[in-house]
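Beneath this line is the structure, given in structure tokens, with notes to follow.
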Amino acid sequence: MQAQPPDGESSTAAVALTDPTRRRGLLKVYLGATPGSGKTFAMLREGRDRREDGEDVVVGFVETHGRRHTADAIGTLEVIPRITVTYKGTTLSDMDVDGVVERHPHVALIDELAHTNAPGLRHLKRWEDIEEIRAAGIDVISTMNIQHLESVKDLVEQITGVTIHETVPDTVLDAADEVQFIDISPEALRKRMRHGNVYPPDRVDTALENFFRPGNLAALREIGLRFVAERVGTDRGGVQAPPEDVIVAVSGRSSAEQLIRRAVRLARRRHGLCTIVHVHEHATSPDADDVTWQRLSLELQCGVLERDEGDIAATVIAAARDRGARHVVIGEPKAAGLVASRRPTIVDRVVEGLPDVDVHVIARHGIAAGGDLGRPDPDSLLRRLQADSHSVGNLRVYLAYAPGCGTTTAMLDEAQRRAGRGTDVVVAAVSHTNSRHLEGLSLLGGPRSPAARGVLDLPALLARNPEVAAVDDLAGRTTDGRSVAEVIPLIRAAGVTVIGTVEIGSLRSTVAAMGAVLQRDLHAPVVDDAALDAADEVELVDIVPAELEERLREGLIMSPQKALHALQGAYRPAVLAMLRELTFRRVAQHTDLRLLSYMASEHIAAPWEARPRVLVCVPPLPDQERLITSAARIAATRDDDLTAISVRTSHRTEAEKKLLGGYAALTHKLGGEFATVDGNDIAATIATFARDHGITEIVLMRTPGRRQSRTLRRLIRLLVDVDVHILASDA
């Protein structure tokens, strides 16, 4: 058994750890939104490709979960035998770390980064095994689902209603050399499950009714996409705002974990440090949840300040001043009696005592007892969508950030899978591919047709009338000179499902923002963003920029002469990083639209923080431009939606109308929406608007006087699942 070596002895791995001349191995992680997305398959495929290129590759550990396709993907790769451990009468198998180190390949494929090892092994977690293997100079390729990332654990549990038992510290993923996202749309994953490619048949229905509900899958996918987008944005450098540190106040209550994770996510976005101020509510006895939040503080690398019971507000104010924090995160105050409710709360005192600090009041969750989120039949949305589009073909789009990422291959692979199941599939336009990808597929018009040159013959396609048409590049041309995107609605209206491809650089919004950098042909067609929004499914095809550059240099994308020019232009690392980040955000935006439709149709009222939605409350007073621009900056940092409202309690003067007209124009200029709502009770009106529009965060500016304090106090009491953000006076 791979246990800790006794005193005076050293394992091979221990010797490797102390060798100062040994190169530390690299870590690449295939990240997915959910189980079944294809991470392990992608890892094994890369392992086979690397071995064919002459690298020494072994399988350190792969969990097939009984999936035949995954087991077949191992092929002839060398597999390091597992070790066995007996625990409470049960025999468990796990990775042999010493065996991997002694074999010392160039690359080790190790599945499930978040896995908890069998009791008695040297390390508790597999990511710790991987760190030891990397210390021995071995490169590691691993896999992980976004649900296991420590900082988003509370989000995932709130959305899915499922407790996450295994997590990986954010620092492990932050330190990875490469993170590649393996995307799959919720609809495609549920189809994959029904085909028996994820779970055995007897487990499929239960899985579809619980964790694999369409809304869950969409929300988890959006969290994963936005996480990688933020990582790519940070990695590509450029001008960064100064770091902003965060203070979070916790006690021994069960809300401590949620508050800490929220504060850490805020600190990550602001590139600052997070410090926990722990105030003991009962100085004579230890808090019940001490062990949990202390473990969390270590895994999320937070500083900790311990304080005995006393003046909580004064403690938080002093800590924020001492640390120079820009943000304070506190929980919603406990409900108070009639007399106590008239006194200043902790929030009131912190807001007053820290005028130059943003204060974030984290709301309570509205989950019913027992964890029942009140979600209805998970298949009802899909049935309704099918009923609404009974005579219209679907549109699936593979989106990538640059030519060469593999969208055409992904499209043709799907076409082959569908044809293999008996579907009538025709390839209506394709270019830059080899005959292997067309095996078993019908090419519209044959090998000398326009389809073989990447040109769509619309009349021929409609006459052929297949069930599914594979159409490469929505920015391509038809035989009569129109763009492919322009005629897609005509194909769908005929009842034909379309599988298409497009690069982010062909979208109108991208061309408008980066046209000069992309060095596009001025006459090249562009795809209107509305065409992408109209797609039923958009699936990201991701590849790390280093691998894309290697494909370019090997002549797999374009001729060597063009490749040299591209490496100095559109394929520069900085440009690719910008396009990659933009692509992740674009797919996340499409996912969010689908998620909103799902939540509306299923009558899910509680907002999900897959994509935060910011509401800024604008009074009819002068000098509110700072409030709106600050809220817009907050929204832009996280790619959030922004809405501004002004509550009308009485008739407005011409001066007030003029002010609000200017504020509305500014909000629209900054990409938000502005609305005026009527109501005598300002707090109740704001709370109702927030609930009806899925708002997750309300932004307010400090104003002098007790009226705002009373409104703020009442607003906090009325809100559920909505945070309140009080901006610093110098915002």
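Note on naming: chains are A, B, ... as they come in the structure tokens, residues start from 1 per chain, ligands start from 1 in the order shown.
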Practice prompt. Do a neighbour search on Ile133 (chain A) at 12 Å with only C-alpha atoms, toss out local chain neighbours closer than 3 positions, and write the hits as number ranges by chain.
Written response: A: 12-17, 22-27, 60, 95-110, 126-130, 136-141
If you keep N, CA and C atoms, can you produce a file of those selected residues as a short mmCIF file (atom, residue, chain, number, x, y, z; two decimals), in the first residue's frame?
```cif
data_model
loop_
_atom_site.label_atom_id
_atom_site.label_comp_id
_atom_site.auth_asym_id
_atom_site.auth_seq_id
_atom_site.Cartn_x
_atom_site.Cartn_y
_atom_site.Cartn_z
N THR A 12 11.01 6.62 -3.66
CA THR A 12 11.54 7.24 -4.88
C THR A 12 10.96 8.62 -5.07
N ALA A 13 9.65 8.75 -4.77
CA ALA A 13 9.01 10.05 -4.93
C ALA A 13 9.61 11.08 -3.99
N ALA A 14 9.92 10.68 -2.77
CA ALA A 14 10.49 11.61 -1.81
C ALA A 14 11.85 12.10 -2.28
N VAL A 15 12.65 11.20 -2.87
CA VAL A 15 13.95 11.61 -3.41
C VAL A 15 13.77 12.62 -4.53
N ALA A 16 12.75 12.37 -5.38
CA ALA A 16 12.50 13.28 -6.50
C ALA A 16 12.15 14.67 -5.99
N LEU A 17 11.43 14.73 -4.87
CA LEU A 17 11.02 16.02 -4.35
C LEU A 17 12.20 16.86 -3.89
N ARG A 22 15.92 18.83 -10.88
CA ARG A 22 14.85 18.26 -11.67
C ARG A 22 13.83 19.32 -12.09
N ARG A 23 13.47 19.32 -13.37
CA ARG A 23 12.46 20.24 -13.90
C ARG A 23 11.09 19.88 -13.35
N ARG A 24 10.29 20.88 -12.97
CA ARG A 24 8.94 20.61 -12.50
C ARG A 24 8.04 20.37 -13.69
N GLY A 25 7.21 19.34 -13.60
CA GLY A 25 6.32 19.00 -14.69
C GLY A 25 5.22 20.03 -14.88
N LEU A 26 4.72 20.12 -16.10
CA LEU A 26 3.63 21.03 -16.43
C LEU A 26 2.29 20.37 -16.11
N LEU A 27 1.26 21.19 -15.94
CA LEU A 27 -0.10 20.68 -15.68
C LEU A 27 -1.07 21.28 -16.69
N GLY A 60 -1.80 7.15 -15.83
CA GLY A 60 -1.62 6.99 -14.39
C GLY A 60 -2.89 6.51 -13.73
N MET A 95 -4.67 5.20 -7.57
CA MET A 95 -3.46 5.39 -8.37
C MET A 95 -2.21 5.07 -7.56
N ASP A 96 -1.26 4.45 -8.21
CA ASP A 96 0.03 4.14 -7.61
C ASP A 96 0.99 5.28 -7.92
N VAL A 97 1.09 6.23 -7.01
CA VAL A 97 1.94 7.40 -7.23
C VAL A 97 3.39 7.00 -7.40
N ASP A 98 3.88 6.12 -6.51
CA ASP A 98 5.27 5.67 -6.61
C ASP A 98 5.52 4.95 -7.93
N GLY A 99 4.52 4.19 -8.39
CA GLY A 99 4.68 3.49 -9.65
C GLY A 99 4.82 4.45 -10.82
N VAL A 100 4.05 5.54 -10.80
CA VAL A 100 4.14 6.55 -11.87
C VAL A 100 5.51 7.23 -11.83
N VAL A 101 5.96 7.59 -10.63
CA VAL A 101 7.25 8.28 -10.50
C VAL A 101 8.40 7.37 -10.92
N GLU A 102 8.35 6.10 -10.51
CA GLU A 102 9.42 5.16 -10.87
C GLU A 102 9.45 4.89 -12.37
N ARG A 103 8.26 4.81 -13.00
CA ARG A 103 8.21 4.63 -14.46
C ARG A 103 8.73 5.87 -15.18
N HIS A 104 8.49 7.03 -14.62
CA HIS A 104 8.97 8.33 -15.07
C HIS A 104 8.78 8.57 -16.57
N PRO A 105 7.53 8.62 -17.01
CA PRO A 105 7.26 8.97 -18.42
C PRO A 105 7.43 10.48 -18.62
N HIS A 106 7.30 10.90 -19.85
CA HIS A 106 7.28 12.34 -20.11
C HIS A 106 5.93 12.92 -19.71
N VAL A 107 4.84 12.17 -20.00
CA VAL A 107 3.48 12.64 -19.73
C VAL A 107 2.69 11.55 -19.02
N ALA A 108 1.97 11.93 -17.95
CA ALA A 108 1.06 11.01 -17.26
C ALA A 108 -0.35 11.54 -17.38
N LEU A 109 -1.28 10.68 -17.81
CA LEU A 109 -2.69 11.03 -17.91
C LEU A 109 -3.38 10.60 -16.62
N ILE A 110 -3.91 11.55 -15.87
CA ILE A 110 -4.47 11.26 -14.54
C ILE A 110 -5.85 11.90 -14.45
N ARG A 126 -6.31 13.62 -4.83
CA ARG A 126 -5.53 13.29 -6.02
C ARG A 126 -4.73 14.47 -6.52
N TRP A 127 -5.24 15.70 -6.34
CA TRP A 127 -4.45 16.85 -6.80
C TRP A 127 -3.13 16.92 -6.05
N GLU A 128 -3.10 16.42 -4.80
CA GLU A 128 -1.83 16.38 -4.06
C GLU A 128 -0.90 15.32 -4.66
N ASP A 129 -1.47 14.18 -5.09
CA ASP A 129 -0.66 13.18 -5.80
C ASP A 129 -0.03 13.79 -7.05
N ILE A 130 -0.84 14.57 -7.77
CA ILE A 130 -0.37 15.17 -9.02
C ILE A 130 0.76 16.16 -8.75
N ALA A 136 8.43 15.54 -9.55
CA ALA A 136 9.40 14.58 -10.07
C ALA A 136 9.76 14.86 -11.53
N GLY A 137 9.23 15.94 -12.10
CA GLY A 137 9.58 16.31 -13.46
C GLY A 137 8.70 15.71 -14.53
N ILE A 138 7.51 15.22 -14.16
CA ILE A 138 6.60 14.57 -15.11
C ILE A 138 5.45 15.51 -15.44
N ASP A 139 5.19 15.73 -16.72
CA ASP A 139 4.03 16.52 -17.13
C ASP A 139 2.76 15.73 -16.87
N VAL A 140 1.70 16.41 -16.46
CA VAL A 140 0.43 15.75 -16.13
C VAL A 140 -0.70 16.40 -16.92
N ILE A 141 -1.56 15.57 -17.49
CA ILE A 141 -2.81 16.03 -18.08
C ILE A 141 -3.94 15.45 -17.24
#
```
Item to complete: Please provide as a PyMOL selection string all residues within 12 Å of Gly495 (chain A), with the sequence filter that same-chain residues fewer than 4 positions apart are discarded (counting only C-alpha atoms).
Response: chain A and resi 389-395+461-462+465-469+488-491
Writing out the chosen residues with N, CA, C and O atoms as a JSON list (two decimals), in the first residue's frame:
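Everything below was put into out_26.json:
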```json
[["chain", "number", "residue", "atom", "x", "y", "z"],
["A", 389, "SER", "N", -41.85, 24.36, -32.24],
["A", 389, "SER", "CA", -41.06, 24.38, -33.48],
["A", 389, "SER", "C", -41.23, 23.07, -34.26],
["A", 389, "SER", "O", -40.28, 22.54, -34.79],
["A", 390, "HIS", "N", -42.48, 22.56, -34.30],
["A", 390, "HIS", "CA", -42.71, 21.25, -34.88],
["A", 390, "HIS", "C", -42.37, 21.20, -36.36],
["A", 390, "HIS", "O", -42.00, 20.17, -36.88],
["A", 391, "SER", "N", -42.49, 22.33, -37.06],
["A", 391, "SER", "CA", -42.24, 22.31, -38.50],
["A", 391, "SER", "C", -40.97, 23.06, -38.87],
["A", 391, "SER", "O", -40.73, 23.34, -40.03],
["A", 392, "VAL", "N", -40.18, 23.44, -37.88],
["A", 392, "VAL", "CA", -38.97, 24.22, -38.13],
["A", 392, "VAL", "C", -37.76, 23.41, -37.70],
["A", 392, "VAL", "O", -37.73, 22.85, -36.60],
["A", 393, "GLY", "N", -36.76, 23.36, -38.57],
["A", 393, "GLY", "CA", -35.54, 22.64, -38.23],
["A", 393, "GLY", "C", -34.71, 23.39, -37.21],
["A", 393, "GLY", "O", -34.74, 24.63, -37.14],
["A", 394, "ASN", "N", -33.96, 22.66, -36.40],
["A", 394, "ASN", "CA", -33.10, 23.27, -35.40],
["A", 394, "ASN", "C", -31.82, 23.80, -36.04],
["A", 394, "ASN", "O", -31.47, 23.44, -37.17],
["A", 395, "LEU", "N", -31.11, 24.61, -35.28],
["A", 395, "LEU", "CA", -29.81, 25.12, -35.71],
["A", 395, "LEU", "C", -28.81, 24.91, -34.58],
["A", 395, "LEU", "O", -28.98, 25.42, -33.47],
["A", 461, "LEU", "N", -30.04, 22.02, -52.21],
["A", 461, "LEU", "CA", -30.28, 21.51, -50.86],
["A", 461, "LEU", "C", -31.77, 21.36, -50.58],
["A", 461, "LEU", "O", -32.21, 20.34, -50.04],
["A", 462, "LEU", "N", -32.55, 22.38, -50.93],
["A", 462, "LEU", "CA", -33.99, 22.29, -50.69],
["A", 462, "LEU", "C", -34.63, 21.19, -51.51],
["A", 462, "LEU", "O", -35.57, 20.53, -51.06],
["A", 465, "ASN", "N", -33.75, 17.97, -49.74],
["A", 465, "ASN", "CA", -34.61, 17.90, -48.54],
["A", 465, "ASN", "C", -34.18, 16.81, -47.56],
["A", 465, "ASN", "O", -34.95, 15.91, -47.24],
["A", 466, "PRO", "N", -32.96, 16.90, -47.01],
["A", 466, "PRO", "CA", -32.53, 15.91, -46.02],
["A", 466, "PRO", "C", -33.11, 16.22, -44.65],
["A", 466, "PRO", "O", -33.73, 17.29, -44.45],
["A", 467, "GLU", "N", -32.90, 15.34, -43.69],
["A", 467, "GLU", "CA", -33.28, 15.64, -42.31],
["A", 467, "GLU", "C", -32.30, 16.62, -41.68],
["A", 467, "GLU", "O", -32.68, 17.50, -40.91],
["A", 468, "VAL", "N", -31.01, 16.43, -41.99],
["A", 468, "VAL", "CA", -29.94, 17.25, -41.40],
["A", 468, "VAL", "C", -28.99, 17.69, -42.50],
["A", 468, "VAL", "O", -28.59, 16.88, -43.35],
["A", 469, "ALA", "N", -28.60, 18.98, -42.46],
["A", 469, "ALA", "CA", -27.61, 19.51, -43.40],
["A", 469, "ALA", "C", -26.42, 20.04, -42.62],
["A", 469, "ALA", "O", -26.60, 20.85, -41.68],
["A", 488, "ILE", "N", -30.04, 30.62, -43.80],
["A", 488, "ILE", "CA", -30.31, 29.59, -42.80],
["A", 488, "ILE", "C", -31.79, 29.54, -42.42],
["A", 488, "ILE", "O", -32.38, 28.45, -42.31],
["A", 489, "PRO", "N", -32.47, 30.70, -42.20],
["A", 489, "PRO", "CA", -33.90, 30.63, -41.86],
["A", 489, "PRO", "C", -34.74, 29.93, -42.93],
["A", 489, "PRO", "O", -35.72, 29.25, -42.60],
["A", 490, "LEU", "N", -34.36, 30.06, -44.21],
["A", 490, "LEU", "CA", -35.10, 29.39, -45.28],
["A", 490, "LEU", "C", -34.93, 27.87, -45.19],
["A", 490, "LEU", "O", -35.87, 27.11, -45.42],
["A", 491, "ILE", "N", -33.73, 27.43, -44.84],
["A", 491, "ILE", "CA", -33.47, 25.99, -44.71],
["A", 491, "ILE", "C", -34.25, 25.44, -43.52],
["A", 491, "ILE", "O", -34.88, 24.38, -43.61]]
```
Discussion item. For a quick check of understanding, using only C-alpha atoms, which of A:Glu157, A:Asp536, A:Asp730, A:Glu299 has the smallest distance to Pro169 (chain A)?
Written reply: A:Glu299
Worksheet item: Leaving out region 265-270 of chain A and any residue of its chain fewer than 5 positions from it, which residues lie within 9 Å of it when counting only C-alpha atoms, given as a list in words?
Response: Ser151, Val152, Glu230, Ala241, Pro242, Pro243, Glu244, Asp245, Val246, Ile260, His327, Thr637 and Arg638 of chain A
Worksheet item: Got a sec: who's within 7 Å of Val699 (chain A), counting only C-alpha atoms, leaving out chain neighbours fewer than 3 positions off, as number ranges by chain?
Response: A: 615-617, 631, 724-726
Fill in: Exercise: Ala636 (chain A) partners within 10 Å, only C-alpha atoms, chain neighbours under 5 positions left out, as a VMD selection string
chain A and resid 630 to 631 641 to 642 670 to 671
Given the selection you just returned, output its residues as a file containing all heavy atoms, formatted as an mmCIF file, in the first residue's frame.
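Listed below is the output, part-v4.cif:
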```cif
data_model
loop_
_atom_site.group_PDB
_atom_site.id
_atom_site.type_symbol
_atom_site.label_atom_id
_atom_site.label_comp_id
_atom_site.auth_asym_id
_atom_site.auth_seq_id
_atom_site.Cartn_x
_atom_site.Cartn_y
_atom_site.Cartn_z
ATOM 1 N N SER A 630 -20.243 53.882 -12.136
ATOM 2 C CA SER A 630 -19.671 52.882 -11.230
ATOM 3 C C SER A 630 -20.398 51.552 -11.361
ATOM 4 O O SER A 630 -19.778 50.487 -11.402
ATOM 5 C CB SER A 630 -19.742 53.384 -9.784
ATOM 6 O OG SER A 630 -18.943 54.520 -9.600
ATOM 7 N N ALA A 631 -21.727 51.601 -11.421
ATOM 8 C CA ALA A 631 -22.503 50.368 -11.588
ATOM 9 C C ALA A 631 -22.190 49.710 -12.929
ATOM 10 O O ALA A 631 -22.090 48.479 -13.022
ATOM 11 C CB ALA A 631 -23.995 50.665 -11.481
ATOM 12 N N ASP A 641 -25.498 41.855 -16.831
ATOM 13 C CA ASP A 641 -26.549 42.736 -17.323
ATOM 14 C C ASP A 641 -26.669 43.919 -16.368
ATOM 15 O O ASP A 641 -26.485 43.782 -15.151
ATOM 16 C CB ASP A 641 -27.890 42.001 -17.376
ATOM 17 C CG ASP A 641 -28.007 41.122 -18.616
ATOM 18 O OD1 ASP A 641 -27.271 41.371 -19.579
ATOM 19 O OD2 ASP A 641 -28.835 40.195 -18.602
ATOM 20 N N LEU A 642 -27.007 45.087 -16.902
ATOM 21 C CA LEU A 642 -27.171 46.286 -16.082
ATOM 22 C C LEU A 642 -28.531 46.906 -16.361
ATOM 23 O O LEU A 642 -28.899 47.143 -17.507
ATOM 24 C CB LEU A 642 -26.076 47.309 -16.388
ATOM 25 C CG LEU A 642 -26.246 48.685 -15.721
ATOM 26 C CD1 LEU A 642 -26.112 48.564 -14.210
ATOM 27 C CD2 LEU A 642 -25.229 49.682 -16.265
ATOM 28 N N LEU A 670 -23.864 53.220 -21.917
ATOM 29 C CA LEU A 670 -22.992 52.266 -21.229
ATOM 30 C C LEU A 670 -23.490 50.826 -21.359
ATOM 31 O O LEU A 670 -22.962 49.926 -20.711
ATOM 32 C CB LEU A 670 -22.882 52.651 -19.748
ATOM 33 C CG LEU A 670 -22.203 54.003 -19.480
ATOM 34 C CD1 LEU A 670 -22.288 54.372 -18.007
ATOM 35 C CD2 LEU A 670 -20.750 53.972 -19.938
ATOM 36 N N GLY A 671 -24.502 50.613 -22.199
ATOM 37 C CA GLY A 671 -24.963 49.262 -22.486
ATOM 38 C C GLY A 671 -26.044 48.737 -21.567
ATOM 39 O O GLY A 671 -26.338 47.531 -21.584
#
```
Fill in: Val62 (chain A) environment, 10 Å, only C-alpha atoms, sequence neighbours closer than 6 positions dropped, as a PyMOL selection string
chain A and resi 40-41+43-44+70-71+74+79+94-95+109-112+142-143
Discussion item. Going by DSSP on the backbone, which residues of region 462-607 of chain A come out as helix (DSSP H, G or I)? List them as a PyMOL selection string.
Written reply: chain A and resi 462-464+484-493+504-506+508-518+529-533+545-553+560-567+573-601
Practice prompt. Could you give me, as a VMD selection string, each residue of region 352-594 of chain A that DSSP assigns to strand (DSSP E) when run on this structure's backbone?
Written response: chain A and resid 358 to 362 395 to 400 425 to 429 442 to 443 468 to 471 497 to 503 537 to 540
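A straight line drawn from CA of Leu700 (chain A) to CA of Ala313 (chain A) is 20.1 Å long.
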Worksheet entry | Coordinates-based distance that separates CA of Arg213 (chain A) from CA of Gly694 (chain A) (Å, one decimal) |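 Separating CA of Gly694 (chain A) from CA of Arg213 (chain A) is a distance of 19.6 Å.
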Fill in: CA of Leu564 (chain A) to CA of Val471 (chain A), distance in Å rounded to a single decimal
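Distance reported for this atom pair: 29.0 Å.
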Worksheet item: Excluding same-chain residues fewer than 6 positions from Gly481 (chain A), what lies within 12 Å of it counting only C-alpha atoms, as a PyMOL selection string?
Response: chain A and resi 455-458+475+487+524-525
